[in-house]
>>> print(open('model_18.json').read())   # JSON, C-alpha atoms
[["chain", "number", "residue", "atom", "x", "y", "z"],
["A", 1, "GLN", "CA", -10.71, 42.83, -67.95],
["A", 2, "PHE", "CA", -8.64, 41.98, -64.87],
["A", 3, "VAL", "CA", -8.73, 38.29, -65.86],
["A", 4, "GLU", "CA", -7.55, 39.20, -69.34],
["A", 5, "PHE", "CA", -4.69, 41.24, -67.87],
["A", 6, "LEU", "CA", -3.62, 38.33, -65.66],
["A", 7, "GLU", "CA", -3.71, 36.02, -68.66],
["A", 8, "GLU", "CA", -1.58, 38.48, -70.63],
["A", 9, "ILE", "CA", 1.17, 38.57, -68.02],
["A", 10, "GLY", "CA", 1.31, 34.78, -67.90],
["A", 11, "ASN", "CA", 2.86, 32.84, -65.03],
["A", 12, "PRO", "CA", 3.11, 35.83, -62.67],
["A", 13, "GLY", "CA", -0.68, 36.13, -62.83],
["A", 14, "THR", "CA", -1.33, 32.50, -61.91],
["A", 15, "ALA", "CA", -1.61, 32.98, -58.14],
["A", 16, "ALA", "CA", -4.21, 35.73, -58.54],
["A", 17, "LEU", "CA", -6.21, 33.60, -60.97],
["A", 18, "VAL", "CA", -6.17, 30.66, -58.56],
["A", 19, "GLY", "CA", -7.53, 33.02, -55.92],
["A", 20, "MET", "CA", -10.32, 34.04, -58.29],
["A", 21, "LEU", "CA", -11.47, 30.41, -58.43],
["A", 22, "ARG", "CA", -13.10, 31.19, -55.05],
["A", 23, "ASP", "CA", -15.01, 34.21, -56.40],
["A", 24, "PRO", "CA", -18.78, 34.15, -55.69],
["A", 25, "SER", "CA", -19.51, 34.62, -59.39],
["A", 26, "LYS", "CA", -19.40, 31.39, -61.41],
["A", 27, "SER", "CA", -18.73, 33.47, -64.53],
["A", 28, "VAL", "CA", -15.59, 34.89, -62.95],
["A", 29, "ARG", "CA", -14.51, 31.42, -61.80],
["A", 30, "ARG", "CA", -15.04, 29.98, -65.28],
["A", 31, "LYS", "CA", -13.03, 32.79, -66.89],
["A", 32, "ALA", "CA", -10.26, 32.28, -64.32],
["A", 33, "ALA", "CA", -10.12, 28.57, -65.19],
["A", 34, "GLU", "CA", -10.02, 29.42, -68.87],
["A", 35, "ALA", "CA", -7.14, 31.85, -68.30],
["A", 36, "LEU", "CA", -5.22, 29.30, -66.25],
["A", 37, "GLY", "CA", -5.60, 26.88, -69.12],
["A", 38, "GLU", "CA", -4.29, 29.41, -71.62],
["A", 39, "ILE", "CA", -1.30, 30.21, -69.41],
["A", 40, "GLY", "CA", -0.58, 26.53, -68.76],
["A", 41, "GLU", "CA", -0.73, 25.65, -72.43],
["A", 42, "ASP", "CA", 1.52, 28.58, -73.40],
["A", 43, "GLU", "CA", 4.05, 27.70, -70.71],
["A", 44, "ARG", "CA", 4.02, 24.03, -71.72],
["A", 45, "LYS", "CA", 4.67, 24.86, -75.35],
["A", 46, "ALA", "CA", 7.50, 27.18, -74.30],
["A", 47, "GLY", "CA", 9.06, 24.44, -72.20],
["A", 48, "ARG", "CA", 8.60, 26.32, -68.94],
["A", 49, "ASN", "CA", 7.16, 25.20, -65.61],
["A", 50, "TYR", "CA", 3.35, 25.33, -65.50],
["A", 51, "ASP", "CA", 2.64, 23.38, -62.33],
["A", 52, "ALA", "CA", 0.77, 26.24, -60.66],
["A", 53, "ALA", "CA", -1.71, 26.52, -63.54],
["A", 54, "ALA", "CA", -2.30, 22.77, -63.67],
["A", 55, "ILE", "CA", -2.79, 22.52, -59.90],
["A", 56, "GLY", "CA", -5.17, 25.48, -59.98],
["A", 57, "LEU", "CA", -7.27, 23.73, -62.62],
["A", 58, "ALA", "CA", -7.34, 20.60, -60.46],
["A", 59, "MET", "CA", -8.87, 22.76, -57.71],
["A", 60, "ALA", "CA", -11.51, 23.98, -60.14],
["A", 61, "LEU", "CA", -12.68, 20.39, -60.69],
["A", 62, "LYS", "CA", -14.32, 20.61, -57.24],
["A", 63, "ASP", "CA", -16.45, 23.60, -58.25],
["A", 64, "ASP", "CA", -20.20, 23.24, -57.70],
["A", 65, "SER", "CA", -20.90, 24.88, -61.05],
["A", 66, "ASP", "CA", -21.04, 22.46, -63.97],
["A", 67, "ASP", "CA", -19.81, 25.25, -66.29],
["A", 68, "VAL", "CA", -16.66, 25.77, -64.22],
["A", 69, "PHE", "CA", -16.16, 22.03, -63.80],
["A", 70, "ARG", "CA", -16.42, 21.40, -67.54],
["A", 71, "GLU", "CA", -14.12, 24.34, -68.30],
["A", 72, "ALA", "CA", -11.49, 22.92, -65.94],
["A", 73, "ILE", "CA", -11.66, 19.51, -67.65],
["A", 74, "ALA", "CA", -11.31, 21.08, -71.09],
["A", 75, "GLU", "CA", -8.34, 23.21, -70.03],
["A", 76, "LEU", "CA", -6.56, 20.28, -68.37],
["A", 77, "GLY", "CA", -6.84, 18.47, -71.69],
["A", 78, "ASP", "CA", -4.83, 21.28, -73.27],
["A", 79, "VAL", "CA", -2.38, 21.74, -70.40],
["A", 80, "ARG", "CA", -1.58, 18.00, -70.02],
["A", 81, "PRO", "CA", 0.59, 18.12, -66.87],
["A", 82, "THR", "CA", 3.57, 15.76, -66.74],
["A", 83, "SER", "CA", 5.69, 16.84, -63.77],
["A", 84, "ALA", "CA", 5.62, 14.74, -60.62],
["A", 85, "GLU", "CA", 4.45, 17.75, -58.61],
["A", 86, "SER", "CA", 1.43, 18.51, -60.77],
["A", 87, "LEU", "CA", 0.54, 14.87, -61.45],
["A", 88, "ALA", "CA", 0.42, 14.19, -57.71],
["A", 89, "VAL", "CA", -2.47, 16.66, -57.51],
["A", 90, "VAL", "CA", -4.10, 16.53, -60.94],
["A", 91, "VAL", "CA", -4.48, 12.76, -61.41],
["A", 92, "PRO", "CA", -6.17, 12.14, -58.02],
["A", 93, "ALA", "CA", -8.44, 15.14, -58.67],
["A", 94, "LEU", "CA", -9.49, 13.70, -62.04],
["A", 95, "ILE", "CA", -10.01, 10.27, -60.54],
["A", 96, "ALA", "CA", -12.22, 11.79, -57.83],
["A", 97, "VAL", "CA", -14.59, 13.23, -60.46],
["A", 98, "GLN", "CA", -14.42, 10.34, -62.93],
["A", 99, "THR", "CA", -18.00, 9.33, -62.12],
["A", 100, "LYS", "CA", -19.32, 12.88, -61.69],
["A", 101, "GLY", "CA", -21.87, 14.51, -63.95],
["A", 102, "ALA", "CA", -23.35, 13.53, -67.28],
["A", 103, "SER", "CA", -21.84, 10.89, -69.55],
["A", 104, "ASN", "CA", -20.19, 13.57, -71.71],
["A", 105, "ALA", "CA", -18.33, 14.91, -68.67],
["A", 106, "ARG", "CA", -17.25, 11.42, -67.62],
["A", 107, "ASP", "CA", -16.08, 10.79, -71.17],
["A", 108, "ASP", "CA", -14.07, 14.02, -71.15],
["A", 109, "VAL", "CA", -12.38, 13.07, -67.87],
["A", 110, "LEU", "CA", -11.27, 9.76, -69.40],
["A", 111, "ASP", "CA", -9.99, 11.69, -72.42],
["A", 112, "VAL", "CA", -7.76, 13.85, -70.21],
["A", 113, "LEU", "CA", -6.53, 10.89, -68.18],
["A", 114, "GLY", "CA", -5.79, 9.04, -71.41],
["A", 115, "GLN", "CA", -3.85, 11.99, -72.79],
["A", 116, "ILE", "CA", -1.80, 12.22, -69.61],
["A", 117, "GLY", "CA", -1.23, 8.46, -69.69],
["A", 118, "GLU", "CA", -0.09, 8.64, -73.29],
["A", 119, "ASP", "CA", 2.46, 11.33, -72.42],
["A", 120, "LEU", "CA", 3.70, 9.27, -69.48],
["A", 121, "ALA", "CA", 4.02, 6.14, -71.61],
["A", 122, "GLU", "CA", 5.99, 8.01, -74.28],
["A", 123, "ASN", "CA", 8.39, 9.20, -71.56],
["A", 124, "GLY", "CA", 8.79, 5.70, -70.17],
["A", 125, "GLN", "CA", 6.92, 6.50, -66.96],
["A", 126, "PRO", "CA", 4.45, 4.13, -65.27],
["A", 127, "THR", "CA", 0.76, 4.39, -66.12],
["A", 128, "ASP", "CA", -0.63, 1.88, -63.62],
["A", 129, "THR", "CA", -2.90, 4.34, -61.82],
["A", 130, "ILE", "CA", -4.37, 5.64, -65.05],
["A", 131, "GLN", "CA", -4.82, 2.10, -66.38],
["A", 132, "ASP", "CA", -6.87, 1.29, -63.26],
["A", 133, "VAL", "CA", -9.20, 4.24, -63.84],
["A", 134, "LEU", "CA", -9.66, 3.42, -67.51],
["A", 135, "ILE", "CA", -10.43, -0.19, -66.63],
["A", 136, "ALA", "CA", -13.01, 1.06, -64.11],
["A", 137, "GLY", "CA", -14.51, 3.06, -66.98],
["A", 138, "LEU", "CA", -15.44, -0.24, -68.64],
["A", 139, "ASN", "CA", -18.19, -0.54, -66.01],
["A", 140, "ASP", "CA", -19.75, 2.83, -66.85],
["A", 141, "ASP", "CA", -23.46, 2.88, -67.77],
["A", 142, "SER", "CA", -22.67, 4.78, -70.97],
["A", 143, "THR", "CA", -21.68, 2.82, -74.07],
["A", 144, "LYS", "CA", -19.76, 5.86, -75.29],
["A", 145, "VAL", "CA", -17.71, 6.02, -72.09],
["A", 146, "ARG", "CA", -16.94, 2.29, -72.20],
["A", 147, "ASN", "CA", -15.81, 2.57, -75.82],
["A", 148, "ASN", "CA", -13.63, 5.53, -74.95],
["A", 149, "ALA", "CA", -12.06, 3.70, -72.01],
["A", 150, "ILE", "CA", -10.99, 0.93, -74.39],
["A", 151, "ALA", "CA", -9.65, 3.45, -76.91],
["A", 152, "GLU", "CA", -7.59, 5.20, -74.23],
["A", 153, "LEU", "CA", -6.18, 1.87, -72.99],
["A", 154, "SER", "CA", -5.07, 1.25, -76.55],
["A", 155, "ASP", "CA", -3.51, 4.71, -76.88],
["A", 156, "ILE", "CA", -1.39, 4.34, -73.75],
["A", 157, "GLN", "CA", -0.30, 0.85, -74.89],
["A", 158, "ALA", "CA", -1.59, -0.68, -71.66],
["A", 159, "ALA", "CA", -0.35, -4.20, -72.35],
["A", 160, "SER", "CA", -0.68, -5.54, -68.82],
["A", 161, "THR", "CA", -2.35, -8.65, -67.44],
["A", 162, "LYS", "CA", -5.05, -6.60, -65.73],
["A", 163, "THR", "CA", -5.81, -4.75, -68.97],
["A", 164, "PHE", "CA", -6.02, -7.97, -70.97],
["A", 165, "ALA", "CA", -8.35, -9.45, -68.36],
["A", 166, "ALA", "CA", -10.60, -6.38, -68.49],
["A", 167, "LEU", "CA", -10.70, -6.38, -72.29],
["A", 168, "ILE", "CA", -11.54, -10.08, -72.35],
["A", 169, "ARG", "CA", -14.45, -9.36, -69.99],
["A", 170, "ALA", "CA", -15.53, -6.58, -72.36],
["A", 171, "LEU", "CA", -15.98, -9.19, -75.10],
["A", 172, "SER", "CA", -19.21, -10.05, -73.26],
["A", 173, "ASP", "CA", -20.42, -6.44, -73.11],
["A", 174, "ASP", "CA", -24.08, -5.84, -73.99],
["A", 175, "ALA", "CA", -23.10, -3.33, -76.67],
["A", 176, "LYS", "CA", -21.83, -4.66, -79.99],
["A", 177, "SER", "CA", -19.59, -1.60, -80.51],
["A", 178, "VAL", "CA", -17.85, -2.21, -77.18],
["A", 179, "ARG", "CA", -17.29, -5.88, -77.96],
["A", 180, "ALA", "CA", -15.87, -5.02, -81.37],
["A", 181, "ARG", "CA", -13.53, -2.38, -80.00],
["A", 182, "ALA", "CA", -12.34, -4.68, -77.23],
["A", 183, "GLU", "CA", -11.57, -7.35, -79.81],
["A", 184, "ASP", "CA", -9.64, -4.88, -81.98],
["A", 185, "VAL", "CA", -7.54, -3.64, -79.05],
["A", 186, "LEU", "CA", -6.86, -7.17, -77.79],
["A", 187, "ILE", "CA", -5.51, -8.04, -81.23],
["A", 188, "LYS", "CA", -3.45, -4.84, -81.37],
["A", 189, "LEU", "CA", -1.93, -5.16, -77.89],
["A", 190, "GLY", "CA", -1.75, -8.95, -77.94],
["A", 191, "ARG", "CA", 0.47, -9.22, -81.00],
["A", 192, "SER", "CA", 3.57, -8.56, -78.93],
["A", 193, "HIS", "CA", 2.29, -10.34, -75.82],
["A", 194, "ALA", "CA", 0.98, -13.61, -77.25],
["A", 195, "VAL", "CA", 2.61, -15.68, -74.50],
["A", 196, "ASP", "CA", 0.63, -13.77, -71.85],
["A", 197, "ILE", "CA", -2.68, -13.35, -73.61],
["A", 198, "THR", "CA", -3.20, -16.77, -75.24],
["A", 199, "PRO", "CA", -3.79, -18.71, -71.99],
["A", 200, "MET", "CA", -6.10, -15.95, -70.77],
["A", 201, "LEU", "CA", -8.18, -16.13, -73.95],
["A", 202, "ALA", "CA", -8.27, -19.91, -73.82],
["A", 203, "GLY", "CA", -9.45, -19.79, -70.22],
["A", 204, "ALA", "CA", -12.13, -17.23, -71.05],
["A", 205, "LEU", "CA", -13.47, -19.34, -73.90],
["A", 206, "THR", "CA", -13.49, -22.44, -71.72],
["A", 207, "ASN", "CA", -15.23, -20.81, -68.76],
["A", 208, "ASN", "CA", -17.59, -18.42, -70.53],
["A", 209, "GLN", "CA", -20.84, -19.89, -71.79],
["A", 210, "SER", "CA", -21.76, -16.69, -73.66],
["A", 211, "ALA", "CA", -22.28, -17.24, -77.37],
["A", 212, "THR", "CA", -21.36, -13.59, -77.86],
["A", 213, "THR", "CA", -17.91, -14.04, -76.33],
["A", 214, "ARG", "CA", -17.28, -17.23, -78.32]]
>>> encode(input="model_18.json", output="structure tokens")
Amino acid sequence: QFVEFLEEIGNPGTAALVGMLRDPSKSVRRKAAEALGEIGEDERKAGRNYDAAAIGLAMALKDDSDDVFREAIAELGDVRPTSAESLAVVVPALIAVQTKGASNARDDVLDVLGQIGEDLAENGQPTDTIQDVLIAGLNDDSTKVRNNAIAELSDIQAASTKTFAALIRALSDDAKSVRARAEDVLIKLGRSHAVDITPMLAGALTNNQSATTR
């Protein structure tokens, strides 16, 4: 009930909820993370500052409980921090757990990073750090995660040389679905960057002996 009260009062209850993320009970910690997410989302929609909620959720990513960890990821997806103050904490925290847990959790982390990257791109802000993490996701053991990494690169319009190089490498992926998605995104992003991408593709075809890539 105390968590519900803190959620009801909104931003003034954030500090107490962050404190509850250290409670011995994982149930309490999960509910505190959920409440921080609700407050952060409400404040975002109202156009008010929600840095404290976002930073609190970044702290919850370090929780030993998978339930709390997954709740924090889900709530960050709804909160979608964009201020320099919150991004300075949230993005490194997400990157730190990008390889943590089951493939579904890793996939969810890429989702959140992609959403943040999309917001940054729309606001004309750099997405280099997020591009790097998504590119790293192309080496994940999970086909689903690799496909998602490509989709998120597409969504943030990551038309950079390093992205093109990574997508060209993905044309040799063991999974047909990954190869197909990489091809689709190369076509989509390459339309407006033909001068950059054509030599890279020509070089890949010349140097790669894989029949799949050709």
>>> atom_distance(input="model_18.json", atom1="atom CA of A:Arg29", atom2="atom CA of A:Gly13")
14.6 Å
>>> closest_residue(input="model_18.json", among="A:Gly56, A:Gly40, A:Pro92, A:Pro12", to="A:Arg80", atoms="only C-alpha atoms")
A:Gly40
>>> closest_residue(input="model_18.json", among="A:Glu71, A:Asp51, A:Asp128, A:Asp64", to="A:Val90", atoms="all atoms listed in the file")
A:Asp51
>>> closest_residue(input="model_18.json", among="A:Ala35, A:Leu113, A:Leu171, A:Val28", to="A:Thr14", atoms="all atoms listed in the file")
A:Ala35
>>> closest_residue(input="model_18.json", among="A:Ala53, A:Val79, A:Ile156, A:Ala74", to="A:Gly114", atoms="only C-alpha atoms")
A:Ile156
>>> atom_distance(input="model_18.json", atom1="atom CA of A:Asp107", atom2="atom CA of A:Asp119")
18.6 Å
>>> axis_aligned_box(input="model_18.json", around="stretch 88-94 of chain A", padding_each_side="5 Å", output="JSON")
{"center_x": -4.5, "center_y": 14.4, "center_z": -59.8, "size_x": 19.9, "size_y": 14.5, "size_z": 14.5}
>>> residues_around(input="model_18.json", residues="A:Lys144", least_positions_apart="5", cutoff="9 Å", atoms="only C-alpha atoms", output="VMD selection string")
chain A and resid 103 to 104 107 149 178
>>> atom_distance(input="model_18.json", atom1="atom CA of A:Phe5", atom2="atom CA of A:Asp67")
22.1 Å
>>> decode(input="model_18.json", residues="stretch 7-34 of chain A", atoms="N, CA, C and O atoms", output="mmCIF file, in the first residue's frame")
data_model
loop_
_atom_site.group_PDB
_atom_site.id
_atom_site.type_symbol
_atom_site.label_atom_id
_atom_site.label_comp_id
_atom_site.auth_asym_id
_atom_site.auth_seq_id
_atom_site.Cartn_x
_atom_site.Cartn_y
_atom_site.Cartn_z
ATOM 1 N N GLU A 7 3.343 6.038 -5.557
ATOM 2 C CA GLU A 7 3.043 6.167 -6.984
ATOM 3 C C GLU A 7 1.973 7.229 -7.212
ATOM 4 O O GLU A 7 2.046 8.008 -8.170
ATOM 5 N N GLU A 8 0.999 7.272 -6.330
ATOM 6 C CA GLU A 8 -0.098 8.240 -6.453
ATOM 7 C C GLU A 8 0.408 9.674 -6.366
ATOM 8 O O GLU A 8 -0.065 10.543 -7.102
ATOM 9 N N ILE A 9 1.376 9.929 -5.494
ATOM 10 C CA ILE A 9 1.821 11.312 -5.312
ATOM 11 C C ILE A 9 2.831 11.726 -6.382
ATOM 12 O O ILE A 9 3.186 12.892 -6.495
ATOM 13 N N GLY A 10 3.284 10.761 -7.179
ATOM 14 C CA GLY A 10 4.125 11.093 -8.325
ATOM 15 C C GLY A 10 5.561 11.444 -7.981
ATOM 16 O O GLY A 10 6.174 10.827 -7.099
ATOM 17 N N ASN A 11 6.092 12.468 -8.639
ATOM 18 C CA ASN A 11 7.504 12.816 -8.492
ATOM 19 C C ASN A 11 7.981 12.963 -7.046
ATOM 20 O O ASN A 11 9.095 12.539 -6.730
ATOM 21 N N PRO A 12 7.189 13.551 -6.159
ATOM 22 C CA PRO A 12 7.654 13.665 -4.767
ATOM 23 C C PRO A 12 7.925 12.312 -4.098
ATOM 24 O O PRO A 12 8.667 12.242 -3.118
ATOM 25 N N GLY A 13 7.340 11.251 -4.621
ATOM 26 C CA GLY A 13 7.551 9.929 -4.033
ATOM 27 C C GLY A 13 8.721 9.172 -4.622
ATOM 28 O O GLY A 13 9.053 8.067 -4.176
ATOM 29 N N THR A 14 9.383 9.769 -5.621
ATOM 30 C CA THR A 14 10.450 9.061 -6.335
ATOM 31 C C THR A 14 11.614 8.675 -5.433
ATOM 32 O O THR A 14 12.111 7.544 -5.484
ATOM 33 N N ALA A 15 12.072 9.597 -4.604
ATOM 34 C CA ALA A 15 13.233 9.325 -3.754
ATOM 35 C C ALA A 15 12.972 8.144 -2.826
ATOM 36 O O ALA A 15 13.844 7.281 -2.630
ATOM 37 N N ALA A 16 11.767 8.085 -2.251
ATOM 38 C CA ALA A 16 11.435 6.972 -1.354
ATOM 39 C C ALA A 16 11.391 5.656 -2.120
ATOM 40 O O ALA A 16 11.841 4.616 -1.616
ATOM 41 N N LEU A 17 10.870 5.686 -3.340
ATOM 42 C CA LEU A 17 10.813 4.470 -4.159
ATOM 43 C C LEU A 17 12.217 3.993 -4.535
ATOM 44 O O LEU A 17 12.495 2.787 -4.535
ATOM 45 N N VAL A 18 13.099 4.924 -4.851
ATOM 46 C CA VAL A 18 14.482 4.546 -5.148
ATOM 47 C C VAL A 18 15.109 3.875 -3.927
ATOM 48 O O VAL A 18 15.834 2.883 -4.050
ATOM 49 N N GLY A 19 14.819 4.394 -2.758
ATOM 50 C CA GLY A 19 15.311 3.777 -1.532
ATOM 51 C C GLY A 19 14.791 2.372 -1.350
ATOM 52 O O GLY A 19 15.504 1.484 -0.847
ATOM 53 N N MET A 20 13.548 2.136 -1.771
ATOM 54 C CA MET A 20 12.938 0.815 -1.629
ATOM 55 C C MET A 20 13.544 -0.210 -2.583
ATOM 56 O O MET A 20 13.330 -1.407 -2.425
ATOM 57 N N LEU A 21 14.314 0.252 -3.562
ATOM 58 C CA LEU A 21 15.004 -0.683 -4.457
ATOM 59 C C LEU A 21 16.094 -1.465 -3.719
ATOM 60 O O LEU A 21 16.637 -2.422 -4.252
ATOM 61 N N ARG A 22 16.392 -1.047 -2.477
ATOM 62 C CA ARG A 22 17.364 -1.771 -1.648
ATOM 63 C C ARG A 22 16.684 -2.631 -0.594
ATOM 64 O O ARG A 22 17.349 -3.200 0.284
ATOM 65 N N ASP A 23 15.361 -2.734 -0.670
ATOM 66 C CA ASP A 23 14.613 -3.544 0.307
ATOM 67 C C ASP A 23 15.012 -5.023 0.195
ATOM 68 O O ASP A 23 15.274 -5.520 -0.909
ATOM 69 N N PRO A 24 15.058 -5.753 1.314
ATOM 70 C CA PRO A 24 15.412 -7.180 1.251
ATOM 71 C C PRO A 24 14.437 -8.021 0.435
ATOM 72 O O PRO A 24 14.808 -9.067 -0.112
ATOM 73 N N SER A 25 13.191 -7.576 0.341
ATOM 74 C CA SER A 25 12.176 -8.341 -0.377
ATOM 75 C C SER A 25 12.209 -8.019 -1.869
ATOM 76 O O SER A 25 12.048 -6.862 -2.272
ATOM 77 N N LYS A 26 12.399 -9.061 -2.698
ATOM 78 C CA LYS A 26 12.422 -8.809 -4.146
ATOM 79 C C LYS A 26 11.055 -8.367 -4.649
ATOM 80 O O LYS A 26 10.963 -7.637 -5.642
ATOM 81 N N SER A 27 9.991 -8.787 -3.966
ATOM 82 C CA SER A 27 8.647 -8.361 -4.350
ATOM 83 C C SER A 27 8.491 -6.852 -4.163
ATOM 84 O O SER A 27 7.924 -6.163 -5.021
ATOM 85 N N VAL A 28 9.001 -6.353 -3.056
ATOM 86 C CA VAL A 28 8.937 -4.914 -2.800
ATOM 87 C C VAL A 28 9.775 -4.160 -3.836
ATOM 88 O O VAL A 28 9.359 -3.128 -4.369
ATOM 89 N N ARG A 29 10.957 -4.691 -4.132
ATOM 90 C CA ARG A 29 11.840 -4.032 -5.107
ATOM 91 C C ARG A 29 11.186 -4.002 -6.482
ATOM 92 O O ARG A 29 11.263 -2.996 -7.204
ATOM 93 N N ARG A 30 10.551 -5.110 -6.865
ATOM 94 C CA ARG A 30 9.886 -5.153 -8.170
ATOM 95 C C ARG A 30 8.751 -4.147 -8.231
ATOM 96 O O ARG A 30 8.579 -3.432 -9.236
ATOM 97 N N LYS A 31 7.958 -4.062 -7.156
ATOM 98 C CA LYS A 31 6.843 -3.113 -7.132
ATOM 99 C C LYS A 31 7.347 -1.671 -7.144
ATOM 100 O O LYS A 31 6.731 -0.786 -7.762
ATOM 101 N N ALA A 32 8.490 -1.437 -6.486
ATOM 102 C CA ALA A 32 9.073 -0.087 -6.504
ATOM 103 C C ALA A 32 9.511 0.280 -7.910
ATOM 104 O O ALA A 32 9.302 1.414 -8.372
ATOM 105 N N ALA A 33 10.123 -0.667 -8.624
ATOM 106 C CA ALA A 33 10.534 -0.421 -10.010
ATOM 107 C C ALA A 33 9.319 -0.150 -10.892
ATOM 108 O O ALA A 33 9.339 0.755 -11.744
ATOM 109 N N GLU A 34 8.269 -0.921 -10.676
ATOM 110 C CA GLU A 34 7.045 -0.721 -11.449
ATOM 111 C C GLU A 34 6.471 0.676 -11.207
ATOM 112 O O GLU A 34 6.063 1.370 -12.148
#
